[in-house]
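Structure data follow from work-v7.txt (compact mmCIF, C-alpha atoms (C1' of nucleotides)):
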# COMPACT_ATOMS: atom_id res chain seq x y z
CA MET A 1 203.37 26.81 -126.77
CA ARG A 2 206.07 24.34 -127.69
CA VAL A 3 209.11 23.40 -125.61
CA ALA A 4 211.93 21.77 -127.57
CA SER A 5 215.27 20.19 -126.73
CA PHE A 6 218.30 19.80 -128.95
CA ASN A 7 221.68 18.27 -128.09
CA ILE A 8 223.63 20.26 -130.64
CA ASN A 9 227.13 18.77 -130.08
CA GLY A 10 229.04 22.05 -130.22
CA ILE A 11 227.38 25.44 -130.65
CA LYS A 12 230.26 26.86 -132.71
CA ALA A 13 230.27 24.07 -135.27
CA ARG A 14 226.47 23.89 -135.29
CA LEU A 15 225.41 27.56 -135.30
CA PRO A 16 224.09 27.74 -138.90
CA ARG A 17 222.12 24.51 -138.42
CA LEU A 18 220.79 25.71 -135.07
CA LEU A 19 219.64 29.10 -136.36
CA GLU A 20 218.00 27.37 -139.32
CA TRP A 21 216.11 24.98 -137.03
CA LEU A 22 214.94 27.82 -134.75
CA GLU A 23 213.67 29.91 -137.68
CA GLU A 24 211.99 26.99 -139.43
CA THR A 25 210.28 25.40 -136.43
CA ARG A 26 210.07 28.42 -134.08
CA PRO A 27 209.75 26.65 -130.69
CA SER A 28 208.58 28.92 -127.84
CA VAL A 29 211.37 27.54 -125.67
CA ALA A 30 214.52 25.76 -126.89
CA CYS A 31 216.73 23.85 -124.46
CA LEU A 32 220.24 23.14 -125.71
CA GLN A 33 222.83 20.64 -124.50
CA GLU A 34 226.51 20.14 -125.29
CA ILE A 35 227.12 23.75 -126.25
CA LYS A 36 230.82 22.97 -125.61
CA THR A 37 231.83 26.55 -124.99
CA GLN A 38 232.77 28.75 -122.08
CA ASP A 39 230.20 31.37 -121.05
CA GLU A 40 231.99 34.18 -122.94
CA GLY A 41 231.88 32.21 -126.19
CA PHE A 42 228.08 31.83 -126.22
CA PRO A 43 226.67 33.57 -129.35
CA ALA A 44 223.77 35.32 -127.59
CA SER A 45 223.68 38.15 -130.14
CA GLU A 46 223.07 35.69 -132.98
CA PHE A 47 219.94 34.46 -131.19
CA GLU A 48 218.77 38.00 -130.36
CA LYS A 49 218.89 38.84 -134.07
CA ILE A 50 216.18 36.25 -134.69
CA GLY A 51 214.14 37.11 -131.60
CA TYR A 52 215.40 34.63 -128.96
CA ARG A 53 216.75 35.59 -125.55
CA ALA A 54 218.80 33.14 -123.55
CA ILE A 55 220.44 32.03 -120.33
CA TRP A 56 223.32 29.58 -120.42
CA HIS A 57 225.81 27.65 -118.31
CA GLY A 58 228.96 26.93 -120.27
CA GLN A 59 232.18 25.02 -119.73
CA LYS A 60 235.46 24.80 -121.61
CA GLY A 61 235.53 22.07 -124.22
CA PHE A 62 232.51 19.95 -123.39
CA ASN A 63 229.09 19.81 -121.68
CA GLY A 64 227.18 23.11 -121.32
CA VAL A 65 223.45 23.86 -121.37
CA ALA A 66 221.23 26.80 -122.38
CA ILE A 67 217.57 27.86 -122.41
CA LEU A 68 216.30 30.12 -125.22
CA ALA A 69 212.86 31.78 -125.32
CA ASP A 70 211.04 33.35 -128.25
CA GLY A 71 210.54 37.01 -127.37
CA ALA A 72 210.94 36.58 -123.61
CA ASP A 73 213.64 36.44 -120.95
CA PRO A 74 213.93 33.06 -119.20
CA VAL A 75 214.06 33.85 -115.46
CA GLU A 76 216.77 31.65 -113.99
CA VAL A 77 215.78 29.60 -110.95
CA GLN A 78 218.86 27.41 -110.49
CA ARG A 79 222.03 26.22 -112.20
CA GLY A 80 223.73 22.98 -111.22
CA LEU A 81 222.41 20.35 -108.82
CA ALA A 82 222.91 20.25 -105.06
CA GLY A 83 224.68 17.42 -103.28
CA GLU A 84 228.17 17.38 -104.78
CA PRO A 85 229.89 20.77 -104.41
CA GLU A 86 233.07 19.60 -106.14
CA ASP A 87 231.13 18.75 -109.33
CA GLU A 88 232.07 21.39 -111.92
CA HIS A 89 230.28 19.90 -114.94
CA SER A 90 227.76 22.28 -116.54
CA ARG A 91 224.78 20.00 -116.99
CA TYR A 92 221.73 21.64 -115.40
CA ILE A 93 219.93 24.95 -115.78
CA GLU A 94 216.38 25.77 -114.73
CA ALA A 95 214.15 28.76 -115.45
CA ASP A 96 210.60 30.07 -115.37
CA VAL A 97 209.32 31.13 -118.78
CA PHE A 98 205.81 31.59 -120.22
CA GLY A 99 204.37 30.42 -116.89
CA VAL A 100 206.15 27.05 -117.01
CA ARG A 101 209.12 25.77 -115.03
CA VAL A 102 211.64 24.49 -117.55
CA ALA A 103 214.71 22.47 -116.52
CA CYS A 104 217.30 21.71 -119.21
CA ILE A 105 219.50 18.72 -118.43
CA TYR A 106 222.53 16.98 -119.90
CA LEU A 107 222.78 13.77 -117.92
CA PRO A 108 226.22 12.09 -117.78
CA ASN A 109 226.80 9.39 -120.37
CA GLY A 110 228.45 6.99 -117.92
CA ASN A 111 230.61 4.99 -120.32
CA PRO A 112 232.69 3.01 -119.85
CA GLN A 113 230.83 0.93 -117.32
CA PRO A 114 231.51 -0.23 -114.74
CA GLY A 115 233.81 2.53 -113.53
CA PRO A 116 233.98 5.99 -112.01
CA LYS A 117 232.10 7.64 -114.89
CA PHE A 118 229.21 5.24 -114.44
CA ASP A 119 229.22 5.82 -110.67
CA TYR A 120 229.08 9.57 -111.36
CA LYS A 121 226.12 9.05 -113.68
CA LEU A 122 224.15 7.19 -111.02
CA ARG A 123 224.98 9.77 -108.35
CA TRP A 124 223.92 12.54 -110.75
CA MET A 125 220.61 10.76 -111.34
CA ASP A 126 220.03 10.63 -107.58
CA ARG A 127 220.73 14.34 -107.32
CA LEU A 128 218.41 15.03 -110.25
CA ARG A 129 215.66 13.03 -108.57
CA SER A 130 216.02 15.10 -105.41
CA ARG A 131 215.62 18.33 -107.38
CA MET A 132 212.66 16.94 -109.35
CA ARG A 133 210.93 15.98 -106.12
CA GLU A 134 211.38 19.56 -104.90
CA ILE A 135 209.87 20.88 -108.13
CA ALA A 136 206.99 18.41 -107.88
CA ALA A 137 206.31 19.57 -104.33
CA GLU A 138 205.84 23.11 -105.67
CA GLU A 139 202.96 21.75 -107.77
CA VAL A 140 203.84 24.02 -110.70
CA PRO A 141 203.51 23.15 -114.38
CA ALA A 142 207.01 21.87 -115.12
CA VAL A 143 209.01 20.07 -117.79
CA VAL A 144 212.44 18.52 -117.27
CA ILE A 145 213.78 18.12 -120.77
CA GLY A 146 217.07 17.21 -122.40
CA ASP A 147 219.59 14.46 -123.02
CA TYR A 148 218.99 11.84 -120.31
CA ASN A 149 221.51 9.38 -121.76
CA VAL A 150 219.16 6.54 -120.79
CA VAL A 151 217.38 4.16 -123.18
CA PRO A 152 214.24 3.51 -121.11
CA ASN A 153 213.09 0.23 -122.68
CA ASP A 154 214.20 -2.30 -125.28
CA CYS A 155 211.64 -0.85 -127.72
CA ASP A 156 213.61 2.41 -127.60
CA VAL A 157 216.72 1.04 -129.36
CA TRP A 158 217.43 -0.48 -132.78
CA SER A 159 219.11 -3.50 -131.17
CA ALA A 160 218.93 -4.16 -127.45
CA ALA A 161 221.43 -6.99 -127.84
CA ALA A 162 224.03 -4.87 -129.62
CA MET A 163 223.68 -2.09 -127.07
CA ALA A 164 223.41 -4.26 -123.96
CA PRO A 165 226.87 -3.51 -122.52
CA ASP A 166 226.38 0.25 -122.85
CA ALA A 167 225.91 2.51 -119.82
CA LEU A 168 222.72 3.86 -121.45
CA MET A 169 221.14 0.41 -121.20
CA GLN A 170 222.16 -0.77 -117.73
CA PRO A 171 219.46 -1.87 -115.28
CA ALA A 172 220.78 0.63 -112.74
CA SER A 173 220.40 3.47 -115.28
CA ARG A 174 216.91 2.35 -116.24
CA ASP A 175 215.83 1.87 -112.63
CA ALA A 176 216.95 5.39 -111.79
CA TYR A 177 214.94 6.69 -114.78
CA ARG A 178 211.85 4.71 -113.73
CA ARG A 179 212.03 6.16 -110.26
CA LEU A 180 211.42 9.57 -111.82
CA LEU A 181 208.31 8.22 -113.53
CA HIS A 182 207.15 6.57 -110.30
CA ASP A 183 207.45 9.96 -108.61
CA GLY A 184 204.69 11.16 -110.95
CA TRP A 185 206.56 12.51 -113.99
CA THR A 186 205.21 11.65 -117.46
CA ASP A 187 207.51 10.66 -120.36
CA ALA A 188 205.68 12.55 -123.11
CA LEU A 189 207.11 10.67 -126.10
CA ALA A 190 206.51 7.28 -124.47
CA MET A 191 202.93 8.17 -123.59
CA HIS A 192 202.11 9.10 -127.17
CA ASN A 193 204.17 6.29 -128.73
CA PRO A 194 203.93 3.26 -126.39
CA GLN A 195 204.98 0.93 -129.22
CA GLY A 196 208.45 2.50 -129.29
CA GLY A 197 210.58 2.70 -132.40
CA ILE A 198 211.13 6.46 -132.07
CA TRP A 199 214.80 7.49 -132.11
CA THR A 200 216.44 10.77 -131.11
CA PHE A 201 220.11 9.80 -131.63
CA TRP A 202 222.06 8.12 -134.41
CA ASP A 203 225.82 7.60 -134.00
CA TYR A 204 228.14 9.26 -136.51
CA GLN A 205 229.94 5.93 -136.86
CA ALA A 206 229.30 2.80 -138.92
CA GLY A 207 226.58 4.38 -141.06
CA ALA A 208 224.14 4.39 -138.15
CA TRP A 209 221.95 7.10 -139.71
CA GLN A 210 221.75 5.40 -143.10
CA ARG A 211 220.88 2.07 -141.42
CA ASP A 212 218.46 3.74 -138.97
CA HIS A 213 220.49 2.32 -136.06
CA GLY A 214 219.26 4.81 -133.48
CA PHE A 215 217.85 5.02 -130.03
CA ARG A 216 215.74 7.28 -127.81
CA ILE A 217 217.69 9.09 -125.10
CA ASP A 218 216.34 12.67 -125.29
CA HIS A 219 213.25 12.90 -123.13
CA ALA A 220 210.65 15.40 -121.90
CA LEU A 221 209.26 14.61 -118.45
CA LEU A 222 206.14 16.52 -117.45
CA SER A 223 204.83 17.27 -113.97
CA PRO A 224 201.17 16.29 -113.37
CA GLU A 225 200.17 19.94 -113.69
CA LEU A 226 201.69 20.05 -117.20
CA ALA A 227 200.90 16.50 -118.35
CA ASP A 228 197.22 17.49 -118.40
CA ARG A 229 198.09 20.12 -121.00
CA LEU A 230 200.07 17.85 -123.38
CA ALA A 231 198.68 18.34 -126.89
CA GLY A 232 201.36 16.55 -128.92
CA CYS A 233 205.03 15.73 -129.19
CA GLY A 234 207.56 14.67 -131.76
CA VAL A 235 211.09 14.41 -133.09
CA ASP A 236 212.39 16.74 -135.83
CA LYS A 237 214.10 13.74 -137.41
CA GLU A 238 214.80 15.38 -140.74
CA TYR A 239 217.44 17.65 -139.19
CA ARG A 240 219.64 14.63 -138.42
CA GLY A 241 220.07 14.07 -142.16
CA ARG A 242 221.29 17.55 -143.07
CA GLU A 243 224.87 18.64 -143.75
CA LYS A 244 226.98 19.11 -140.63
CA ALA A 245 224.17 17.73 -138.46
CA SER A 246 224.38 16.97 -134.77
CA ASP A 247 224.22 13.28 -133.87
CA HIS A 248 220.96 14.05 -132.03
CA ALA A 249 217.65 15.21 -133.50
CA PRO A 250 215.48 17.81 -131.71
CA VAL A 251 212.51 16.65 -129.62
CA TRP A 252 209.51 18.79 -128.64
CA VAL A 253 206.26 18.88 -126.70
CA ALA A 254 203.22 21.02 -127.57
CA LEU A 255 201.25 22.33 -124.59
CA ARG A 256 197.75 23.75 -124.40
CA GLU A 257 197.49 27.22 -122.82
C1' DA B 1 237.48 -5.02 -134.34
C1' DT B 2 240.49 -1.74 -128.21
C1' DG B 3 237.25 0.05 -135.44
C1' DA B 4 234.06 3.11 -137.75
C1' DC B 5 232.93 9.73 -136.90
C1' DT B 6 232.89 14.47 -134.98
C1' DC B 7 234.10 18.36 -131.97
C1' DA B 8 237.24 21.22 -129.07
C1' DA B 9 241.64 22.40 -127.84
C1' DT B 10 246.88 28.25 -128.56
C1' DT B 11 245.83 21.16 -132.90
C1' DC B 12 249.66 18.04 -135.93
C1' DT B 13 247.36 14.43 -130.94
C1' DT B 14 244.23 13.54 -127.28
C1' DG B 15 239.95 13.42 -124.53
C1' DA B 16 235.15 13.05 -124.83
C1' DG B 17 231.10 11.57 -126.63
C1' DA B 18 227.21 7.34 -126.77
Structure translated into structure tokens:
Amino acid sequence: MRVASFNINGIKARLPRLLEWLEETRPSVACLQEIKTQDEGFPASEFEKIGYRAIWHGQKGFNGVAILADGADPVEVQRGLAGEPEDEHSRYIEADVFGVRVACIYLPNGNPQPGPKFDYKLRWMDRLRSRMREIAAEEVPAVVIGDYNVVPNDCDVWSAAAMAPDALMQPASRDAYRRLLHDGWTDALAMHNPQGGIWTFWDYQAGAWQRDHGFRIDHALLSPELADRLAGCGVDKEYRGREKASDHAPVWVALRE
DNA sequence: ATGACTCAATTCTTGAGA
């Protein structure tokens, strides 16, 4: 089976591109971020027409996450993270599907930093870590996949110097990400590509795509029970170059049965 | 260079993204 993640930057604007990607690459599970629609605007019937069933957590205007499964119903386990009841951002949804726990995340960007948005990012990462430790304690095969908005290492960005002031690059952001790895989670792309140089995002601005000025911020973290089953992983880079593309490219992990 | 581009919103301008 393959579990994929795609920050689509607006499901309404991206629907033709998204359906095309699903039909061409046919992931078993597809986790989406930045659907940017309220729950009632989610085009579930369009996905059912091509054999995918979904759960989603929307929000007006921005954020929003969804989990799609090929020929199966994702069984929702949780939406949102504990620890901050007043937080109304739709950034987390978790389900059991095909015998795997799948959590789809859209981690706060945190810019500008320093400031309240960066503080929120770090608090959100603490809350995520708490939930991931709970999942790890269940000792189930699990993947926490999505847009982490963290560049883990300097080899994961076209220019560490140019990006240094960004919230995605801050030591506090990177430390919080490393704590997840220290808890026993495996960064699938990093394990298979330790040399770096793999990007999942290219800004719309300043010809970033044409210049290959990208970075790696979409990650798949595997629990020990699932890391043993990792057969391969990759980035569907070509989709970033199509008409009306998202600024992210899809990432995926292939798992042995 | 406080830029560049794109999306959503009862759109003609602003907030958000990264």
**Request:** Can you pull out every residue within 12 Å of A:Glu40, counting only C-alpha atoms (C1' of nucleotides), but drop anything in the same chain fewer than 6 positions away, and send it as number ranges by chain?
**Result:** A: 56-60
Would you mind exporting the chosen residues as a tab-separated table (two decimals), in the frame of the given file, restricted to C-alpha atoms?
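This is the output file out.tsv:
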chain	number	residue	atom	x	y	z
A	56	TRP	CA	223.32	29.58	-120.42
A	57	HIS	CA	225.81	27.65	-118.31
A	58	GLY	CA	228.96	26.93	-120.27
A	59	GLN	CA	232.18	25.02	-119.73
A	60	LYS	CA	235.46	24.80	-121.61
**Request:** Report as a PyMOL selection string the set of chain A residues whose atoms approach chain B to within 9 Å, with distances computed over all atoms listed in the file.
**Result:** chain A and resi 9-10+13+36-37+60-62+109-111+149+166-168+201+203-207+246-247
Put those residues in a file: C-alpha atoms, as a compact mmCIF listing (two decimals), in the frame of the given file.
# COMPACT_ATOMS: atom_id res chain seq x y z
CA ASN A 9 227.13 18.77 -130.08
CA GLY A 10 229.04 22.05 -130.22
CA ALA A 13 230.27 24.07 -135.27
CA LYS A 36 230.82 22.97 -125.61
CA THR A 37 231.83 26.55 -124.99
CA LYS A 60 235.46 24.80 -121.61
CA GLY A 61 235.53 22.07 -124.22
CA PHE A 62 232.51 19.95 -123.39
CA ASN A 109 226.80 9.39 -120.37
CA GLY A 110 228.45 6.99 -117.92
CA ASN A 111 230.61 4.99 -120.32
CA ASN A 149 221.51 9.38 -121.76
CA ASP A 166 226.38 0.25 -122.85
CA ALA A 167 225.91 2.51 -119.82
CA LEU A 168 222.72 3.86 -121.45
CA PHE A 201 220.11 9.80 -131.63
CA ASP A 203 225.82 7.60 -134.00
CA TYR A 204 228.14 9.26 -136.51
CA GLN A 205 229.94 5.93 -136.86
CA ALA A 206 229.30 2.80 -138.92
CA GLY A 207 226.58 4.38 -141.06
CA SER A 246 224.38 16.97 -134.77
CA ASP A 247 224.22 13.28 -133.87
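Put simply, atom CA of A:Arg174 is 23.2 Å away from atom CA of A:Ala208.
Proximity ranking of A:Ala161, A:Ile8, A:Ala30, A:Leu181 relative to A:Ala72 places A:Ala30 first, based on all atoms listed in the file.
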**Prompt:** Which residues, written as an NGL selection string, have at least one atom at most 12 Å from A:Phe42, with all atoms listed in the file counted and residues fewer than 2 positions away on the same chain left out?
**Reply:** :A and (10-12 or 15 or 32 or 34-40 or 44-48 or 53-60 or 64-68)
Selection to disk with C-alpha atoms, as a PDB file, in the frame of the given file:
ATOM      1  CA  GLY A  10     229.040  22.050-130.220  1.00  0.00           C
ATOM      2  CA  ILE A  11     227.380  25.440-130.650  1.00  0.00           C
ATOM      3  CA  LYS A  12     230.260  26.860-132.710  1.00  0.00           C
ATOM      4  CA  LEU A  15     225.410  27.560-135.300  1.00  0.00           C
ATOM      5  CA  LEU A  32     220.240  23.140-125.710  1.00  0.00           C
ATOM      6  CA  GLU A  34     226.510  20.140-125.290  1.00  0.00           C
ATOM      7  CA  ILE A  35     227.120  23.750-126.250  1.00  0.00           C
ATOM      8  CA  LYS A  36     230.820  22.970-125.610  1.00  0.00           C
ATOM      9  CA  THR A  37     231.830  26.550-124.990  1.00  0.00           C
ATOM     10  CA  GLN A  38     232.770  28.750-122.080  1.00  0.00           C
ATOM     11  CA  ASP A  39     230.200  31.370-121.050  1.00  0.00           C
ATOM     12  CA  GLU A  40     231.990  34.180-122.940  1.00  0.00           C
ATOM     13  CA  ALA A  44     223.770  35.320-127.590  1.00  0.00           C
ATOM     14  CA  SER A  45     223.680  38.150-130.140  1.00  0.00           C
ATOM     15  CA  GLU A  46     223.070  35.690-132.980  1.00  0.00           C
ATOM     16  CA  PHE A  47     219.940  34.460-131.190  1.00  0.00           C
ATOM     17  CA  GLU A  48     218.770  38.000-130.360  1.00  0.00           C
ATOM     18  CA  ARG A  53     216.750  35.590-125.550  1.00  0.00           C
ATOM     19  CA  ALA A  54     218.800  33.140-123.550  1.00  0.00           C
ATOM     20  CA  ILE A  55     220.440  32.030-120.330  1.00  0.00           C
ATOM     21  CA  TRP A  56     223.320  29.580-120.420  1.00  0.00           C
ATOM     22  CA  HIS A  57     225.810  27.650-118.310  1.00  0.00           C
ATOM     23  CA  GLY A  58     228.960  26.930-120.270  1.00  0.00           C
ATOM     24  CA  GLN A  59     232.180  25.020-119.730  1.00  0.00           C
ATOM     25  CA  LYS A  60     235.460  24.800-121.610  1.00  0.00           C
ATOM     26  CA  GLY A  64     227.180  23.110-121.320  1.00  0.00           C
ATOM     27  CA  VAL A  65     223.450  23.860-121.370  1.00  0.00           C
ATOM     28  CA  ALA A  66     221.230  26.800-122.380  1.00  0.00           C
ATOM     29  CA  ILE A  67     217.570  27.860-122.410  1.00  0.00           C
ATOM     30  CA  LEU A  68     216.300  30.120-125.220  1.00  0.00           C
TER      31      LEU A  68
END
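Taking atom CA of A:Val253 as the reference point, atom CA of A:Ser5 is found at 9.1 Å.
Between atom CA of A:Ala190 and atom CA of A:Cys233 the interatomic distance comes to 9.8 Å.
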**Prompt:** If we count only C-alpha atoms (C1' of nucleotides), what is near A:Leu189 at a cut-off of 7 Å, once residues fewer than 2 positions away on the same chain are taken out, given as a ChimeraX atom specification?
**Reply:** /A:187,191-193,233-234
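Each of A:Val143, A:Ser130, A:Asp183, A:Gln78 was compared to A:Ala220 using all atoms listed in the file, and A:Val143 turns out to be the nearest.
You can rank A:Arg123, A:Gly41, A:Phe98, A:Trp21 by their closest distance to A:Glu84 using only C-alpha atoms, and at the top of that list sits A:Arg123.
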Some atoms are missing, so please complete stretch 99-115 of chain A with N, CA, C and O atoms and return it as a PDB file, in the coordinates of the input.
ATOM      1  N   GLY A  99     205.196  31.053-117.908  1.00  0.00           N
ATOM      2  CA  GLY A  99     204.370  30.420-116.890  1.00  0.00           C
ATOM      3  C   GLY A  99     204.666  28.954-116.639  1.00  0.00           C
ATOM      4  O   GLY A  99     203.909  28.272-115.953  1.00  0.00           O
ATOM      5  N   VAL A 100     205.781  28.453-117.180  1.00  0.00           N
ATOM      6  CA  VAL A 100     206.150  27.050-117.010  1.00  0.00           C
ATOM      7  C   VAL A 100     207.567  26.975-116.437  1.00  0.00           C
ATOM      8  O   VAL A 100     208.445  27.751-116.822  1.00  0.00           O
ATOM      9  N   ARG A 101     207.765  26.058-115.509  1.00  0.00           N
ATOM     10  CA  ARG A 101     209.120  25.770-115.030  1.00  0.00           C
ATOM     11  C   ARG A 101     209.778  24.842-116.032  1.00  0.00           C
ATOM     12  O   ARG A 101     209.245  23.769-116.326  1.00  0.00           O
ATOM     13  N   VAL A 102     210.923  25.274-116.538  1.00  0.00           N
ATOM     14  CA  VAL A 102     211.640  24.490-117.550  1.00  0.00           C
ATOM     15  C   VAL A 102     213.043  24.178-117.026  1.00  0.00           C
ATOM     16  O   VAL A 102     213.823  25.090-116.741  1.00  0.00           O
ATOM     17  N   ALA A 103     213.362  22.891-116.897  1.00  0.00           N
ATOM     18  CA  ALA A 103     214.710  22.470-116.520  1.00  0.00           C
ATOM     19  C   ALA A 103     215.346  21.785-117.716  1.00  0.00           C
ATOM     20  O   ALA A 103     214.757  20.887-118.316  1.00  0.00           O
ATOM     21  N   CYS A 104     216.547  22.250-118.063  1.00  0.00           N
ATOM     22  CA  CYS A 104     217.300  21.710-119.210  1.00  0.00           C
ATOM     23  C   CYS A 104     218.454  20.888-118.661  1.00  0.00           C
ATOM     24  O   CYS A 104     219.285  21.412-117.916  1.00  0.00           O
ATOM     25  N   ILE A 105     218.494  19.588-119.027  1.00  0.00           N
ATOM     26  CA  ILE A 105     219.500  18.720-118.430  1.00  0.00           C
ATOM     27  C   ILE A 105     220.366  18.030-119.491  1.00  0.00           C
ATOM     28  O   ILE A 105     219.905  17.708-120.590  1.00  0.00           O
ATOM     29  N   TYR A 106     221.621  17.819-119.122  1.00  0.00           N
ATOM     30  CA  TYR A 106     222.530  16.980-119.900  1.00  0.00           C
ATOM     31  C   TYR A 106     223.103  15.944-118.946  1.00  0.00           C
ATOM     32  O   TYR A 106     224.091  16.170-118.261  1.00  0.00           O
ATOM     33  N   LEU A 107     222.444  14.811-118.894  1.00  0.00           N
ATOM     34  CA  LEU A 107     222.780  13.770-117.920  1.00  0.00           C
ATOM     35  C   LEU A 107     224.067  13.053-118.348  1.00  0.00           C
ATOM     36  O   LEU A 107     224.257  12.793-119.541  1.00  0.00           O
ATOM     37  N   PRO A 108     224.954  12.735-117.401  1.00  0.00           N
ATOM     38  CA  PRO A 108     226.220  12.090-117.780  1.00  0.00           C
ATOM     39  C   PRO A 108     226.011  10.803-118.559  1.00  0.00           C
ATOM     40  O   PRO A 108     225.124  10.014-118.253  1.00  0.00           O
ATOM     41  N   ASN A 109     226.872  10.587-119.531  1.00  0.00           N
ATOM     42  CA  ASN A 109     226.800   9.390-120.370  1.00  0.00           C
ATOM     43  C   ASN A 109     227.089   8.118-119.568  1.00  0.00           C
ATOM     44  O   ASN A 109     226.365   7.135-119.651  1.00  0.00           O
ATOM     45  N   GLY A 110     228.174   8.113-118.814  1.00  0.00           N
ATOM     46  CA  GLY A 110     228.450   6.990-117.920  1.00  0.00           C
ATOM     47  C   GLY A 110     229.320   5.886-118.494  1.00  0.00           C
ATOM     48  O   GLY A 110     229.653   4.949-117.769  1.00  0.00           O
ATOM     49  N   ASN A 111     229.682   5.972-119.773  1.00  0.00           N
ATOM     50  CA  ASN A 111     230.610   4.990-120.320  1.00  0.00           C
ATOM     51  C   ASN A 111     232.051   5.409-120.049  1.00  0.00           C
ATOM     52  O   ASN A 111     232.333   6.601-119.998  1.00  0.00           O
ATOM     53  N   PRO A 112     232.961   4.451-119.876  1.00  0.00           N
ATOM     54  CA  PRO A 112     232.690   3.010-119.850  1.00  0.00           C
ATOM     55  C   PRO A 112     232.126   2.566-118.500  1.00  0.00           C
ATOM     56  O   PRO A 112     232.405   3.181-117.480  1.00  0.00           O
ATOM     57  N   GLN A 113     231.350   1.494-118.558  1.00  0.00           N
ATOM     58  CA  GLN A 113     230.830   0.930-117.320  1.00  0.00           C
ATOM     59  C   GLN A 113     231.257  -0.534-117.204  1.00  0.00           C
ATOM     60  O   GLN A 113     231.351  -1.207-118.234  1.00  0.00           O
ATOM     61  N   PRO A 114     231.542  -1.028-115.979  1.00  0.00           N
ATOM     62  CA  PRO A 114     231.510  -0.230-114.740  1.00  0.00           C
ATOM     63  C   PRO A 114     232.743   0.664-114.646  1.00  0.00           C
ATOM     64  O   PRO A 114     233.709   0.476-115.378  1.00  0.00           O
ATOM     65  N   GLY A 115     232.682   1.620-113.712  1.00  0.00           N
ATOM     66  CA  GLY A 115     233.810   2.530-113.530  1.00  0.00           C
ATOM     67  C   GLY A 115     233.359   3.831-112.913  1.00  0.00           C
ATOM     68  O   GLY A 115     232.163   4.026-112.667  1.00  0.00           O
TER      69      GLY A 115
END
